[in-house]
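K.L.:
One structure, as C-alpha coordinates, below. Some questions next.
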Amino acid sequence: MASKALTVLKENVWTNNPVLIQILGICSTLAVTNNLRNTLVMTVGVALTTAFSSMTLSAMKDLIPRKVRMIVQVLVISFYVILIDIVLRAYLPDVSRQLGPYVGLIITNCIIMGRAEAFAQANKPLLSFWDGITSGLGYMAVLMAIAAVRELLGFGSLFGLRVLPAGFTPWTIMVMAPSAFFLVAITIWAAKTMQARKPAKSAPRPAAVAPQGR
Amino acid sequence: MKKDSLVYTVVFTFVVALAFVFVLALANDLTAARVADNKAFATQSAVLKALGVDYADPDEARRLFAELTLDAGDATGPAWKATIDGQSLVVVQETGAGLWGAITIMLAARPDAGRVSGVAILAQNETPGLGGRIEEAAFLDQFRGERSDGGIDVAVGAELSGLGDPDPDNGRVDGVTGASRTSVAFGTIVNAALARVRAISGGL
(Lines give C-alpha, C1' and ligand atoms only; values in the text may rest on other atoms or scores of the structure.)
Protein backbone atom coordinates (compact mmCIF):
# COMPACT_ATOMS: atom_id res chain seq x y z
CA MET A 1 0.00 0.00 0.00
CA ALA A 2 2.74 2.41 1.01
CA SER A 3 4.78 1.71 -2.11
CA LYS A 4 1.66 2.03 -4.25
CA ALA A 5 0.92 5.40 -2.66
CA LEU A 6 4.47 6.53 -3.41
CA THR A 7 4.17 5.43 -7.03
CA VAL A 8 0.89 7.34 -7.36
CA LEU A 9 2.52 10.44 -5.88
CA LYS A 10 5.50 10.29 -8.21
CA GLU A 11 3.36 9.68 -11.27
CA ASN A 12 0.84 12.40 -10.57
CA VAL A 13 3.37 15.05 -9.66
CA TRP A 14 6.05 14.28 -12.20
CA THR A 15 6.04 11.37 -14.68
CA ASN A 16 2.35 11.67 -15.50
CA ASN A 17 1.69 15.24 -14.40
CA PRO A 18 -1.87 16.25 -15.40
CA VAL A 19 -0.81 19.53 -16.97
CA LEU A 20 2.63 18.72 -18.35
CA ILE A 21 2.00 15.21 -19.69
CA GLN A 22 -1.76 14.75 -19.94
CA ILE A 23 -2.31 18.36 -21.07
CA LEU A 24 -5.46 18.64 -18.96
CA GLY A 25 -6.77 21.66 -17.11
CA ILE A 26 -5.16 24.04 -19.59
CA CYS A 27 -8.18 26.33 -19.67
CA SER A 28 -7.81 27.28 -16.03
CA THR A 29 -4.04 27.42 -16.40
CA LEU A 30 -4.54 30.26 -18.86
CA ALA A 31 -7.28 31.99 -16.93
CA VAL A 32 -6.30 32.19 -13.28
CA THR A 33 -2.51 32.20 -13.17
CA ASN A 34 -1.84 35.93 -13.14
CA ASN A 35 -1.68 36.19 -9.39
CA LEU A 36 -0.47 33.74 -6.77
CA ARG A 37 -3.23 34.06 -4.19
CA ASN A 38 -6.08 33.29 -6.57
CA THR A 39 -4.06 30.50 -8.14
CA LEU A 40 -3.44 28.94 -4.73
CA VAL A 41 -7.12 29.03 -3.73
CA MET A 42 -8.21 27.72 -7.11
CA THR A 43 -5.71 24.84 -7.15
CA VAL A 44 -6.49 23.88 -3.56
CA GLY A 45 -10.15 23.82 -4.64
CA VAL A 46 -9.31 21.56 -7.58
CA ALA A 47 -7.17 19.25 -5.42
CA LEU A 48 -9.90 18.90 -2.78
CA THR A 49 -12.65 18.40 -5.35
CA THR A 50 -10.60 15.78 -7.18
CA ALA A 51 -9.76 13.97 -3.95
CA PHE A 52 -13.24 13.91 -2.47
CA SER A 53 -15.06 13.17 -5.71
CA SER A 54 -12.63 10.33 -6.52
CA MET A 55 -13.10 8.91 -3.04
CA THR A 56 -16.89 9.16 -3.17
CA LEU A 57 -17.09 7.69 -6.66
CA SER A 58 -14.73 4.89 -5.73
CA ALA A 59 -16.86 4.05 -2.70
CA MET A 60 -20.00 4.08 -4.86
CA LYS A 61 -18.53 2.33 -7.89
CA ASP A 62 -20.15 -1.08 -7.29
CA LEU A 63 -23.59 0.49 -7.03
CA ILE A 64 -23.46 2.74 -10.08
CA PRO A 65 -25.23 1.35 -13.17
CA ARG A 66 -22.99 1.58 -16.26
CA LYS A 67 -25.58 3.56 -18.18
CA VAL A 68 -25.58 6.51 -15.82
CA ARG A 69 -21.91 6.36 -14.76
CA MET A 70 -20.98 9.74 -16.23
CA ILE A 71 -24.13 11.40 -14.98
CA VAL A 72 -23.36 10.30 -11.44
CA GLN A 73 -19.74 11.43 -11.80
CA VAL A 74 -20.82 14.90 -12.88
CA LEU A 75 -23.35 15.01 -10.05
CA VAL A 76 -20.74 14.15 -7.42
CA ILE A 77 -18.15 16.55 -8.83
CA SER A 78 -20.58 19.45 -9.04
CA PHE A 79 -21.73 18.66 -5.50
CA TYR A 80 -18.23 19.25 -4.15
CA VAL A 81 -17.65 22.33 -6.30
CA ILE A 82 -20.86 23.96 -5.06
CA LEU A 83 -19.92 23.02 -1.51
CA ILE A 84 -16.55 24.77 -1.92
CA ASP A 85 -18.31 27.80 -3.38
CA ILE A 86 -20.68 27.95 -0.39
CA VAL A 87 -17.82 27.64 2.10
CA LEU A 88 -15.81 30.38 0.36
CA ARG A 89 -18.78 32.73 0.22
CA ALA A 90 -19.47 32.25 3.91
CA TYR A 91 -15.96 32.21 5.36
CA LEU A 92 -13.61 33.85 2.82
CA PRO A 93 -15.82 36.51 1.16
CA ASP A 94 -12.84 38.47 -0.20
CA VAL A 95 -11.34 35.47 -1.95
CA SER A 96 -14.76 34.44 -3.22
CA ARG A 97 -15.28 37.92 -4.68
CA GLN A 98 -11.89 37.89 -6.39
CA LEU A 99 -12.30 34.42 -7.85
CA GLY A 100 -15.77 35.27 -9.11
CA PRO A 101 -16.89 32.74 -11.69
CA TYR A 102 -13.70 30.69 -11.54
CA VAL A 103 -14.86 28.57 -8.61
CA GLY A 104 -17.82 27.39 -10.65
CA LEU A 105 -15.42 26.62 -13.47
CA ILE A 106 -13.58 24.06 -11.33
CA ILE A 107 -16.25 21.64 -12.50
CA THR A 108 -15.07 21.95 -16.10
CA ASN A 109 -11.56 20.95 -15.10
CA CYS A 110 -10.91 17.72 -16.94
CA ILE A 111 -8.44 16.48 -14.35
CA ILE A 112 -11.31 15.75 -11.97
CA MET A 113 -13.33 13.64 -14.37
CA GLY A 114 -10.13 12.17 -15.77
CA ARG A 115 -9.11 10.81 -12.38
CA ALA A 116 -12.64 9.60 -11.67
CA GLU A 117 -12.63 7.63 -14.94
CA ALA A 118 -9.03 6.49 -15.03
CA PHE A 119 -8.34 5.75 -11.38
CA ALA A 120 -11.34 5.80 -9.03
CA GLN A 121 -13.19 3.28 -11.24
CA ALA A 122 -10.65 0.58 -10.43
CA ASN A 123 -9.23 1.45 -7.01
CA LYS A 124 -10.18 1.59 -3.33
CA PRO A 125 -11.61 4.83 -1.87
CA LEU A 126 -8.59 5.77 0.23
CA LEU A 127 -6.11 5.29 -2.58
CA SER A 128 -8.45 7.20 -4.91
CA PHE A 129 -8.49 10.06 -2.42
CA TRP A 130 -4.69 10.06 -2.41
CA ASP A 131 -4.65 9.91 -6.19
CA GLY A 132 -6.93 12.96 -6.32
CA ILE A 133 -4.83 14.93 -3.83
CA THR A 134 -1.58 14.16 -5.64
CA SER A 135 -3.08 14.96 -9.05
CA GLY A 136 -4.13 18.27 -7.54
CA LEU A 137 -0.60 18.77 -6.22
CA GLY A 138 0.87 18.14 -9.66
CA TYR A 139 -1.57 20.66 -11.10
CA MET A 140 -0.85 23.13 -8.31
CA ALA A 141 2.93 22.86 -8.73
CA VAL A 142 2.80 23.80 -12.41
CA LEU A 143 0.25 26.57 -11.95
CA MET A 144 2.02 28.13 -8.99
CA ALA A 145 5.32 28.17 -10.91
CA ILE A 146 3.63 29.93 -13.83
CA ALA A 147 1.74 32.31 -11.54
CA ALA A 148 4.97 33.25 -9.73
CA VAL A 149 6.57 34.35 -13.02
CA ARG A 150 3.43 36.13 -14.21
CA GLU A 151 2.79 38.00 -10.97
CA LEU A 152 6.43 38.95 -10.56
CA LEU A 153 6.76 40.40 -14.05
CA GLY A 154 3.16 41.57 -14.50
CA PHE A 155 2.65 43.28 -11.13
CA GLY A 156 6.18 43.37 -9.66
CA SER A 157 4.87 41.55 -6.61
CA LEU A 158 4.55 38.07 -5.07
CA PHE A 159 1.35 37.19 -3.12
CA GLY A 160 0.49 40.87 -3.41
CA LEU A 161 3.71 41.99 -1.67
CA ARG A 162 5.83 44.31 -3.72
CA VAL A 163 9.16 42.62 -4.56
CA LEU A 164 10.58 44.54 -7.46
CA PRO A 165 11.56 48.22 -7.02
CA ALA A 166 8.91 50.86 -7.67
CA GLY A 167 10.70 51.96 -10.85
CA PHE A 168 10.02 48.58 -12.46
CA THR A 169 7.64 48.84 -15.42
CA PRO A 170 5.14 45.93 -15.27
CA TRP A 171 4.99 43.75 -18.35
CA THR A 172 1.37 44.14 -19.43
CA ILE A 173 1.51 40.94 -21.49
CA MET A 174 2.15 38.95 -18.31
CA VAL A 175 -1.28 39.74 -16.87
CA MET A 176 -3.01 38.82 -20.12
CA ALA A 177 -3.86 35.23 -21.09
CA PRO A 178 -1.34 34.98 -23.99
CA SER A 179 1.65 35.00 -21.65
CA ALA A 180 0.31 31.82 -20.03
CA PHE A 181 0.49 30.14 -23.45
CA PHE A 182 4.18 30.90 -23.73
CA LEU A 183 4.93 29.96 -20.15
CA VAL A 184 2.96 26.70 -20.25
CA ALA A 185 4.68 25.75 -23.48
CA ILE A 186 8.12 26.56 -22.09
CA THR A 187 7.37 24.62 -18.89
CA ILE A 188 6.14 21.58 -20.83
CA TRP A 189 9.21 21.75 -23.05
CA ALA A 190 11.54 21.93 -20.06
CA ALA A 191 9.79 19.08 -18.25
CA LYS A 192 9.75 16.85 -21.31
CA THR A 193 13.44 17.51 -21.95
CA MET A 194 14.33 16.63 -18.37
CA GLN A 195 12.22 13.48 -18.47
CA ALA A 196 13.70 12.38 -21.78
CA ARG A 197 17.23 12.82 -20.47
CA LYS A 198 16.55 10.70 -17.40
CA PRO A 199 14.10 8.02 -18.57
CA ALA A 200 11.59 7.09 -15.87
CA LYS A 201 12.30 3.65 -14.40
CA SER A 202 8.64 2.78 -14.07
CA ALA A 203 6.88 2.60 -17.38
CA PRO A 204 4.18 5.24 -17.77
CA ARG A 205 0.75 4.08 -16.86
CA PRO A 206 -0.84 2.68 -20.01
CA ALA A 207 -4.57 3.30 -19.88
CA ALA A 208 -4.50 6.70 -18.23
CA VAL A 209 -6.42 8.20 -21.08
CA ALA A 210 -8.74 10.80 -19.73
CA PRO A 211 -11.53 12.49 -21.64
CA GLN A 212 -10.15 15.01 -24.07
CA GLY A 213 -10.86 18.50 -23.05
CA ARG A 214 -9.79 21.90 -22.05
CA MET B 1 -32.66 -6.36 -8.59
CA LYS B 2 -30.34 -6.35 -11.58
CA LYS B 3 -27.91 -3.42 -11.60
CA ASP B 4 -28.54 -2.62 -15.23
CA SER B 5 -32.31 -2.85 -15.10
CA LEU B 6 -34.29 0.26 -15.96
CA VAL B 7 -36.00 0.47 -12.57
CA TYR B 8 -32.72 0.22 -10.63
CA THR B 9 -31.08 2.84 -12.82
CA VAL B 10 -33.93 5.30 -12.41
CA VAL B 11 -34.31 4.71 -8.67
CA PHE B 12 -30.55 4.88 -8.08
CA THR B 13 -30.14 8.13 -10.00
CA PHE B 14 -33.12 9.65 -8.25
CA VAL B 15 -31.95 8.68 -4.77
CA VAL B 16 -28.36 9.79 -5.36
CA ALA B 17 -29.45 13.14 -6.77
CA LEU B 18 -31.89 13.66 -3.92
CA ALA B 19 -29.26 12.90 -1.28
CA PHE B 20 -26.59 15.20 -2.72
CA VAL B 21 -28.98 18.06 -3.42
CA PHE B 22 -30.38 17.75 0.09
CA VAL B 23 -26.92 18.18 1.62
CA LEU B 24 -26.26 21.20 -0.60
CA ALA B 25 -29.57 22.80 0.31
CA LEU B 26 -28.74 22.23 3.96
CA ALA B 27 -25.26 23.78 3.62
CA ASN B 28 -26.72 26.74 1.76
CA ASP B 29 -29.35 27.24 4.42
CA LEU B 30 -26.89 26.98 7.30
CA THR B 31 -24.56 29.58 5.82
CA ALA B 32 -27.28 31.90 4.47
CA ALA B 33 -27.17 34.20 7.50
CA ARG B 34 -23.39 34.43 7.33
CA VAL B 35 -23.41 35.14 3.60
CA ALA B 36 -26.03 37.86 4.06
CA ASP B 37 -23.90 39.28 6.86
CA ASN B 38 -20.80 39.34 4.62
CA LYS B 39 -22.78 41.06 1.91
CA ALA B 40 -24.11 43.68 4.29
CA PHE B 41 -20.61 44.30 5.60
CA ALA B 42 -19.25 44.70 2.06
CA THR B 43 -21.89 47.37 1.40
CA GLN B 44 -21.35 49.15 4.70
CA SER B 45 -17.56 49.22 4.39
CA ALA B 46 -17.88 50.60 0.84
CA VAL B 47 -20.18 53.38 2.10
CA LEU B 48 -17.67 54.26 4.82
CA LYS B 49 -14.79 54.22 2.33
CA ALA B 50 -16.70 56.55 0.01
CA LEU B 51 -17.35 58.88 2.93
CA GLY B 52 -13.68 58.77 3.84
CA VAL B 53 -14.34 57.30 7.29
CA ASP B 54 -11.66 54.96 8.64
CA TYR B 55 -12.43 51.90 10.73
CA ALA B 56 -10.23 49.37 12.45
CA ASP B 57 -12.36 46.22 12.36
CA PRO B 58 -15.75 44.96 11.10
CA ASP B 59 -17.44 45.70 14.45
CA GLU B 60 -16.32 49.30 14.41
CA ALA B 61 -17.42 49.60 10.80
CA ARG B 62 -20.90 48.35 11.70
CA ARG B 63 -21.12 50.76 14.61
CA LEU B 64 -19.93 53.76 12.58
CA PHE B 65 -22.28 52.87 9.75
CA ALA B 66 -25.25 52.73 12.12
CA GLU B 67 -24.24 56.02 13.76
CA LEU B 68 -23.44 58.05 10.68
CA THR B 69 -25.78 57.07 7.93
CA LEU B 70 -29.47 57.35 7.30
CA ASP B 71 -31.14 55.18 4.69
CA ALA B 72 -32.32 57.25 1.72
CA GLY B 73 -32.78 54.47 -0.82
CA ASP B 74 -35.40 54.97 -3.50
CA ALA B 75 -36.86 52.95 -6.35
CA THR B 76 -33.67 53.36 -8.41
CA GLY B 77 -31.42 51.77 -5.81
CA PRO B 78 -29.76 52.00 -2.41
CA ALA B 79 -28.66 55.41 -1.10
CA TRP B 80 -27.76 56.95 2.23
CA LYS B 81 -27.45 60.38 3.82
CA ALA B 82 -24.73 61.32 6.24
CA THR B 83 -23.13 64.33 7.88
CA ILE B 84 -19.34 64.24 8.11
CA ASP B 85 -17.52 67.15 9.83
CA GLY B 86 -20.58 69.36 9.48
CA GLN B 87 -20.89 68.72 5.75
CA SER B 88 -24.00 66.83 4.70
CA LEU B 89 -23.33 64.21 2.05
CA VAL B 90 -25.32 61.80 -0.09
CA VAL B 91 -24.02 58.31 -0.85
CA VAL B 92 -25.45 56.36 -3.76
CA GLN B 93 -24.78 52.85 -4.99
CA GLU B 94 -24.64 52.76 -8.76
CA THR B 95 -24.14 49.86 -11.16
CA GLY B 96 -23.15 50.16 -14.79
CA ALA B 97 -21.46 48.24 -17.58
CA GLY B 98 -17.70 47.88 -17.45
CA LEU B 99 -15.60 46.27 -20.16
CA TRP B 100 -16.30 42.66 -19.09
CA GLY B 101 -19.11 42.86 -16.61
CA ALA B 102 -21.01 45.13 -14.30
CA ILE B 103 -19.12 47.54 -12.08
CA THR B 104 -20.85 48.58 -8.86
CA ILE B 105 -19.56 51.68 -7.11
CA MET B 106 -20.40 53.65 -4.02
CA LEU B 107 -20.16 57.41 -4.52
CA ALA B 108 -20.36 60.07 -1.84
CA ALA B 109 -20.96 63.68 -2.89
CA ARG B 110 -22.38 66.95 -1.63
CA PRO B 111 -26.17 67.12 -2.01
CA ASP B 112 -25.93 69.44 -5.04
CA ALA B 113 -23.43 67.01 -6.61
CA GLY B 114 -21.01 69.93 -6.89
CA ARG B 115 -18.13 68.09 -5.30
CA VAL B 116 -17.37 64.39 -4.92
CA SER B 117 -16.38 63.28 -1.47
CA GLY B 118 -15.13 59.85 -2.40
CA VAL B 119 -15.64 56.77 -4.55
CA ALA B 120 -15.36 53.12 -3.53
CA ILE B 121 -15.78 49.97 -5.59
CA LEU B 122 -18.18 47.30 -4.44
CA ALA B 123 -17.80 44.84 -7.31
CA GLN B 124 -15.97 44.68 -10.62
CA ASN B 125 -14.76 42.00 -13.04
CA GLU B 126 -12.26 43.97 -15.12
CA THR B 127 -8.97 42.47 -16.33
CA PRO B 128 -6.65 41.98 -13.35
CA GLY B 129 -3.60 44.19 -13.67
CA LEU B 130 -5.24 46.44 -16.29
CA GLY B 131 -8.85 47.52 -15.79
CA GLY B 132 -8.72 45.85 -12.39
CA ARG B 133 -6.41 48.63 -11.26
CA ILE B 134 -9.42 50.93 -10.85
CA GLU B 135 -9.50 49.38 -7.36
CA GLU B 136 -6.12 50.90 -6.56
CA ALA B 137 -5.96 53.86 -4.20
CA ALA B 138 -3.89 55.88 -6.69
CA PHE B 139 -6.85 55.92 -9.07
CA LEU B 140 -9.71 56.24 -6.56
CA ASP B 141 -8.02 58.92 -4.44
CA GLN B 142 -8.14 61.30 -7.41
CA PHE B 143 -11.91 61.54 -6.87
CA ARG B 144 -11.57 62.78 -3.27
CA GLY B 145 -12.84 66.36 -3.16
CA GLU B 146 -12.98 66.60 -6.96
CA ARG B 147 -15.23 69.33 -8.33
CA SER B 148 -18.12 67.76 -10.21
CA ASP B 149 -20.81 70.33 -11.02
CA GLY B 150 -20.09 69.79 -14.70
CA GLY B 151 -19.66 66.02 -14.30
CA ILE B 152 -16.33 64.27 -14.08
CA ASP B 153 -14.17 63.63 -17.09
CA VAL B 154 -11.92 60.56 -16.99
CA ALA B 155 -8.96 61.27 -19.24
CA VAL B 156 -7.68 58.44 -21.42
CA GLY B 157 -5.16 57.93 -24.22
CA ALA B 158 -3.15 60.97 -25.26
CA GLU B 159 -4.94 63.15 -22.69
CA LEU B 160 -3.42 61.17 -19.84
CA SER B 161 -0.92 63.10 -17.80
CA GLY B 162 0.43 59.79 -16.54
CA LEU B 163 0.93 61.19 -13.06
CA GLY B 164 -2.61 61.24 -11.78
CA ASP B 165 -4.55 64.48 -11.72
CA PRO B 166 -3.79 66.41 -8.53
CA ASP B 167 -6.02 69.42 -9.28
CA PRO B 168 -9.32 69.01 -7.40
CA ASP B 169 -10.99 71.89 -9.21
CA ASN B 170 -10.84 70.89 -12.86
CA GLY B 171 -13.36 68.03 -12.76
CA ARG B 172 -10.86 65.71 -14.38
CA VAL B 173 -9.13 62.54 -13.26
CA ASP B 174 -6.58 60.38 -15.03
CA GLY B 175 -7.84 57.05 -16.32
CA VAL B 176 -5.89 53.83 -15.96
CA THR B 177 -3.14 53.32 -18.53
CA GLY B 178 -3.85 50.35 -20.77
CA ALA B 179 -7.49 50.28 -19.74
CA SER B 180 -9.19 53.07 -21.68
CA ARG B 181 -12.50 51.25 -22.10
CA THR B 182 -12.74 50.49 -18.40
CA SER B 183 -11.78 54.06 -17.52
CA VAL B 184 -14.40 55.57 -19.82
CA ALA B 185 -17.04 53.18 -18.50
CA PHE B 186 -16.07 54.11 -14.96
CA GLY B 187 -16.53 57.80 -15.79
CA THR B 188 -20.01 57.08 -17.16
CA ILE B 189 -20.99 55.24 -13.98
CA VAL B 190 -19.62 58.06 -11.79
CA ASN B 191 -21.64 60.64 -13.72
CA ALA B 192 -24.78 58.50 -13.51
CA ALA B 193 -24.22 58.30 -9.76
CA LEU B 194 -23.87 62.11 -9.58
CA ALA B 195 -27.18 62.48 -11.42
CA ARG B 196 -28.79 60.25 -8.80
CA VAL B 197 -27.31 62.32 -5.99
CA ARG B 198 -28.97 65.35 -7.54
CA ALA B 199 -32.29 63.51 -7.93
CA ILE B 200 -32.26 62.38 -4.30
CA SER B 201 -31.41 65.87 -3.01
CA GLY B 202 -34.00 67.45 -5.29
CA GLY B 203 -36.69 65.43 -3.53
CA LEU B 204 -35.86 67.05 -0.19
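By convention in this document, the chains of the C-alpha coordinates carry letters A, B, ... by their order, each chain's residues are numbered from 1, and ligands are numbered from 1 in the order they are shown.
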At a cut-off of 12 Å, which residues of chain B touch chain A? Count only C-alpha atoms and give the answer as an NGL selection string.
P.N.:
:B and (1-42 or 101 or 122-133 or 135 or 177-179)
K.L.:
Tell me which protein, DNA and RNA residues are within 12 Å of B:Arg196, counting only C-alpha atoms, leaving out same-chain ones fewer than 4 positions away, and put them as number ranges by chain.
P.N.:
B: 72-80, 90-95, 106-113, 189-192, 200-203
K.L.:
Here is a test: counting only C-alpha atoms, which residue of A:Lys198, A:Lys192, A:Lys4, A:Arg115 is nearest to A:Ile133?
P.N.:
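Checking each of A:Lys198, A:Lys192, A:Lys4, A:Arg115 against A:Ile133, counting only C-alpha atoms, the winner is A:Arg115.
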K.L.:
Pick out the closest residue to B:Gly164 from this set: B:Val47, B:Ile134, B:Ser148, B:Val176. Count only C-alpha atoms.
P.N.:
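Closest candidate: B:Val176.
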K.L.:
Can you tell me, as a ChimeraX atom specification, which residues in chain B count as strand (DSSP E) by DSSP?
P.N.:
/B:69-71,79-84,87-97,102-109,116-123,153-155,172-174
K.L.:
Among stretch 128-174 of chain B, which residues does DSSP mark as alpha helix (DSSP H) when it is run on the backbone? Keep the chain and numbering as in the structure and answer as a ChimeraX atom specification.
P.N.:
/B:137-140
K.L.:
What is the atom CA of A:Thr33-atom CA of A:Ser96 distance in Å, reported with one decimal?
P.N.:
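Interatomic distance, atom CA of A:Thr33 to atom CA of A:Ser96: 15.9 Å.
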K.L.:
Set the distance at 7 Å and use only C-alpha atoms: which residues neighbour B:Val173 once local chain neighbours fewer than 4 positions away are removed? I'd like the list as a list in words.
P.N.:
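Contacts, with the query itself left out: Gln142, Asp153, Val154, Ala155, Gly164 and Asp165 of chain B.
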K.L.:
In Å, rounded to a single decimal, give me how far atom CA of B:Tyr55 is from atom CA of B:Val116.
P.N.:
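The value is 20.6 Å.
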K.L.:
For B:Pro168, which of B:Ala137, B:Ile84, B:Leu194, B:Ile152 is the closest residue, counting only C-alpha atoms?
P.N.:
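Comparing B:Ala137, B:Ile84, B:Leu194, B:Ile152 against B:Pro168, the winner is B:Ile152.
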